[in-house]
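**Student:** One structure, pasted below without further comment.
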Amino acid sequence: MIKKVICIDDDQITLTLCDLVIKKAKFADAVATSKHGKEGLNYFSAFFQKKDKIEISEAPQLIFLDLNMPVMNGWDFLEEYLMKYADRLPDVKVVIISSTVNPEDFSRANRYDIVIDFISKPLTVEGLEDLMQNDHLSHYFTPDPTDTN
Amino acid sequence: MQHSSFHVLVVEDNMGDFVLVNEYLEETMPQAEVSHAQTLRQAITLIEQHQFNVILLDLSLPDGEGITSFHEVHSKAIQVPIIVLTGLGNMDLALETVKQGAQDYIVKDDTNPAMLAKSIQYAVERKKIFEHLKASEEQYKYLFQSNPLPMWALCKKTHHFLMVNDAAIEQYGYTESEFLNMRLEDVCMAYECSPDNEGLFELKTEGNIFLQEAIHTRKNGQRLDVEMVHHNIVVEHNAAILVVVYDVTEQKKAKQLLRESEQMFRTISENFPNGAVAILDRELKYEYTAGKEFHVPEVDSSYFQNSIYTAHFPVDIQANVRENLEKVFDGESVVFEATYDHSSYMISATPLFEPDNSISKIVLASQNISRQKEEEQQLRLLESVITNTNDAIVISKASNVSVGHPIVYVNRAFTKMTGYTAEEIIGKSAHILRGDATDDEQLAKLRDSEERGDPCEVEVLNYKKDGTRFWCQFTVVPVCNVNGDCTHWISVQRDVSMRKRNEREKELLIEELTRTNIDLRQFSYITSHNLRAPLSNLLGIIRLLDVSTITDPMTSLLVENFKQSTVQLNETVNDLINVLIIKNNVNVKKEKLDLTKTFEKVAKSVQNMIEEFDISMDIDFSEANELDMNRTYLESILLNLLTNAIKYRSQEVRPRLNIYTRKYVDSVRLYFGDNGLGIDLDRYKDRIFGLYQRFHDHSDSKGLGLYIINSQITAMGGSIEVKSKVGKGTTFILTFKRES
């Protein structure tokens with residue numbers, strides 16, 4: 001199981017649903033949330049600031065990212081995250097969860113290495129079970145009891 | 001005969017002998033006048049004074065002796081016969097004088113009057129004959145020597161020259177002595193026969209006199225064309241041939257010239273291009289005609305023989321032709337045209353002057369000018385096109401590009417378009433039409449191609465004479481001479497202001513439409529996103545909702561209905577989104593698909609329906625099993641067709657599907673037939689593949705399936721057709737493009 005994921009979405013209901021589904025599917029222990037890209041960036045900055053620094057071990061291993069958000073959308077978040085934090089958090093991957101139908105978004109997502117999947121809303125238990133098979137994530141879910149990070 | 005004037009001179013120093021002789025003469029020739037000379041001197045004096053008929057000469061004179069006396073007298077009176085009087089002892093001497101020219105001798109002691117008279121008579125006659133002979137021989141010699149024609153006497157055996165005359169010497173350039181060391185063959189290069197073993201030509205002399213051609217050479221090597229006449233003669237007891245030479249060099253040359261000029265005339269006349277040459281007499285009758293094309297079709301020159309020239313023309317123009325030709329006999333040359341039977345001939349005639357300047361024949365040449373006429377007409381037609389066309393046409397002379405080409409022609413349309421008349425613009429260049437607003441870039445393009453000599457098409461803003469601006473589209477084409485040098489430029493110009501305005505409006509419209517279209521698409525994305533977002537939340541919630549915990553049956557029913565409505569809403573939204581994506585995504589990946597496998601996969605997904613409704617399927621993809629198609633689209637199409645067939649099955653017969661493929665050169669057709677309800681095509685033909693068109697009252701019909709199929713197959717470059725009969729069934733024919 002993944003220790004911690006963060007869901008970045010402007011829709012409170014979606015966030016609630018995500019939290020419920022993730023837990024129900026036993027996908028992750030903890031679910032952090034942010035209301036938009038800007039808040040997401042702030043969340044990550046906390047691990048690297050001098051004052052009131054949060055331990056890096058507290059950082060999430062996966063980001064569920066919505067695209068259409070106020071203040072700062074998913075793409076802008078991704079660009080800035082890649083610039084500021086991606087290098088320092090090499091194991092962190094991104095899964096886009098969106099209800100977009102714009103083909104531009106699909107092809108754009110393909111261009112980022114850090115984006116490992118693109119899931120159409122809603123996030124379901126079945127969807128998460130498929131995601132567990134992903135090469136980048138499968139190691140979190142090995143049945144070996146010694147490996148539980 | 002001689003009597004009254006017969007004069008005898010007796011030269012005798014012995015008086016006794018004289019008297020005796022005198023007596024004899026008086027007896028036999030009483031009329032004869034006798035003169036007596038006693039010495040040689042006396043005799044000569046008398047001979048110089050008188051004309052004697054005969055001289056009786058004694059050889060032993062006091063002032064002369066023997067043969068010398070004879071020579072003296074003979075030389076003074078060569079015409080006069082001399083009879084020598086001699087004694088018995090001088091017989092030999094007397095004989096000698098006879099050999100030298102004396103007519104006779106008389107032995108004084110052994111004679112009588114009759115004998116003397118007879119001797120005198122004989123002597124006179126003989127002398128006459130002799131003189132005659134001598135004269136004729138001289139004449140003959142003269143004829144030979146002074147003959148204006150070159151003559152030779154040849155040895156018959158060796159052909160050596162025996163005699164040559166002055167004309168031969170002059171003609172051939174050899175001296176007489178040179179000639180006498182030569183043979184005929186030394187001057188004769190070629191003869192009618194080949195030379196024999198000894199290099200001699202056989203000169204035929206038997207029978208008639210032959211005139212035979214030969215080629216001779218002069219001493220200086222010049223060629224002489226000659227004709228020779230030869231016949232046998234005897235020269236100094238030897239067989240010889242007399243040859244007379246006629247120089248025919250000039251004749252030959254003249255003949256050759258005549259032949260050549262005739263040949264030339266024939267060649268010219270016989271090859272007279274698309275026409276004929278003729279010589280007519282005073283009656284306009286053909287004397288001669290030749291050529292490549294006569295003014296009567298498909299005949300040759302023999303057709304006209306002895307006919308009258310005008311007879312070959314239609315009656316109505318004969319008089320005109322005759323009138324024209326009559327003028328030629330007045331010494332005029334005429335050129336006129338005769339047109340009939342869709343052909344035109346140009347006839348030019350000119351008189352043939354005789355040496356006395358009279359005209360009894362004329363020569364004429366006729367030429368078929370139908371084609372020229374036609375071309376002329378064509379040209380006139382073309383000219384009228386240029387003059388009357390609505391496009392402005394400008395022809396300018398090629399010159400230095402920077403100064404512009406001086407205009408040499410403009411048509412009416414140009415004047416109408418620009419306001420400049422031909423007079424105003426000819427000589428000037430088209431630069432006069434340019435102004436501040438004229439696009440320099442276009443002009444540069446024009447200049448560039450002009451420098452290269454290439455045709456060019458540009459559109460520039462030009463100025464009319466009154467200053468109005470107009471859009472001028474013009475095409476410039478170079479006109480080249482035979483050397484490929486550009487001599488003129490032709491430009492076709494058109495006022496396209498209206499079109500330009502329309503184009504501009506169209507551009508604006510397209511711009512606006514494109515923007516609207518982008519906005520609309522964006523709008524549809526946003527809308528569907530905004531719809532989907534809450535919808536997906538609903539779906540998420542429903543999935544998490546545990547209905548079993550609800551105890552109130554009413555609530556449970558409501559929640560169930562809420563669940564169904566949500567799923568239905570989601571399907572509709574997804575269908576719409578699918579359509580949107582098909583419409584906007586032209587670059588969907590194509591791959592080679594196995595039709596059998598794809599169909600099996602699709603059929604499997606609706607296996608429960610197939611089993612439930614006992615659908616029988618007759619499938620044959622053997623003719624074409626491979627399709628070039630997008631996988632998702634093909635699956636969607638097959639699924640739609642299959643579910644349609646099941647949904648609209650007949651309730652009366654067992655549902656049966658007949659599915660097969662056919663292969664064509666550049667396409668594969670998929671036939672998908674059923675025996676279901678069928679569609680009333682007469683009613684729905686136009687709408688069958690339309691959006692939200694429903695033809696059956698069926699609970700789960702949304703009117704979207706065929707629309708999506710059509711969209712998907714069209715996006716792949718294919719097409720779909722339908723054949724149907726209500727109550728019988730429906731067949732869909734899908735055409736897929738085959739990749740080459």
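Starting from 1 in every chain, residues are counted up; chains themselves are A, B, ... following the order of the structure tokens, and ligands are numbered from 1 as listed.
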Quick check: residues of chain B within 12 Å of chain A, only C-alpha atoms, returned as JSON, numbers by chain.
**Tutor:** {"B": [521, 522, 523, 524, 525, 526, 527, 528, 529, 530, 531, 532, 533, 534, 535, 536, 537, 538, 539, 540, 541, 542, 543, 544, 545, 570, 573, 574, 575, 576, 577, 578, 579, 580, 581, 582, 583, 584, 585, 586, 587, 588]}
**Student:** Would you pick out the contacts of Ile116 of chain A at 7 Å or less, using only C-alpha atoms, so that residues sharing its chain but fewer than 4 positions from it are not included, and give the list as number ranges by chain?
**Tutor:** A: 93-95
**Student:** Residues within 9 Å of Gly37 of chain A, please, as a list in words. Count only C-alpha atoms; anything in the same chain fewer than 6 positions from it doesn't count.
**Tutor:** Ile8, Asp9, Asp10, Leu65, Asp66, Met69, Pro70, Val71, Met72, Asn73, Gly74, Trp75, Asp76, Phe77 and Leu78 of chain A
**Student:** Name all residues at most 9 Å from Ala338 of chain B (count only C-alpha atoms; drop same-chain ones fewer than 5 positions away) and give them as a ChimeraX atom specification.
**Tutor:** /B:313,317,320-321,343-347
**Student:** For those residues, write N, CA and C atoms to a file as a compact mmCIF listing (two decimals), in the first residue's frame.
**Tutor:**
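Saved the output as part39.txt:
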```txt
# COMPACT_ATOMS: atom_id res chain seq x y z
N PHE B 313 -12.77 25.89 -115.69
CA PHE B 313 -13.36 26.68 -114.60
C PHE B 313 -14.87 26.63 -114.70
N ILE B 317 -17.33 31.86 -113.96
CA ILE B 317 -16.11 32.68 -113.81
C ILE B 317 -15.20 32.57 -115.03
N ASN B 320 -14.35 35.88 -116.67
CA ASN B 320 -13.42 36.68 -115.88
C ASN B 320 -11.98 36.19 -116.07
N VAL B 321 -11.81 34.87 -116.07
CA VAL B 321 -10.47 34.30 -116.25
C VAL B 321 -9.95 34.67 -117.64
N SER B 343 -12.41 26.29 -102.93
CA SER B 343 -10.97 26.44 -103.08
C SER B 343 -10.68 27.78 -103.73
N SER B 344 -9.50 28.32 -103.37
CA SER B 344 -9.09 29.56 -103.99
C SER B 344 -7.76 29.35 -104.68
N TYR B 345 -7.63 29.88 -105.89
CA TYR B 345 -6.38 29.79 -106.62
C TYR B 345 -5.88 31.18 -106.93
N MET B 346 -4.58 31.37 -106.78
CA MET B 346 -4.00 32.62 -107.20
C MET B 346 -3.31 32.34 -108.53
N ILE B 347 -3.69 33.08 -109.56
CA ILE B 347 -3.15 32.82 -110.90
C ILE B 347 -2.34 34.03 -111.31
```
**Student:** For Ala645 of chain B, which residue among B:Leu670, B:Ala214, B:Ala32, B:Ile679 is the nearest when counting only C-alpha atoms?
**Tutor:**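 Using only C-alpha atoms, the shortest distance to Ala645 of chain B belongs to B:Ile679.
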**Student:** Determine which residues of segment 147-251 of chain B receive a DSSP assignment of strand (DSSP E), computed from the backbone, and state them as a PyMOL selection string.
**Tutor:** chain B and resi 151-155+161-164+188-190+210-217+223-235+238-247
**Student:** One decimal, in Å: what's the spacing between atom CA of Tyr85 of chain A and atom CA of Leu41 of chain A?
**Tutor:**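 Distance between the two atoms: 9.0 Å.
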**Student:** Can you work out which one of A:Ile56, A:Ile63, A:Met1, A:Ala109 has the shortest atom-to-atom distance to Leu89 of chain A, counting only C-alpha atoms?
**Tutor:** A:Ile56
**Student:** Run DSSP on the backbone and give me the residues of segment 32-87 of chain A it puts in alpha helix (DSSP H), as a count of residues only.
**Tutor:** 20
**Student:** Using Å and a single decimal, report how far atom CA of Val234 of chain B sits from atom CA of Tyr172 of chain B.
**Tutor:** 24.3 Å
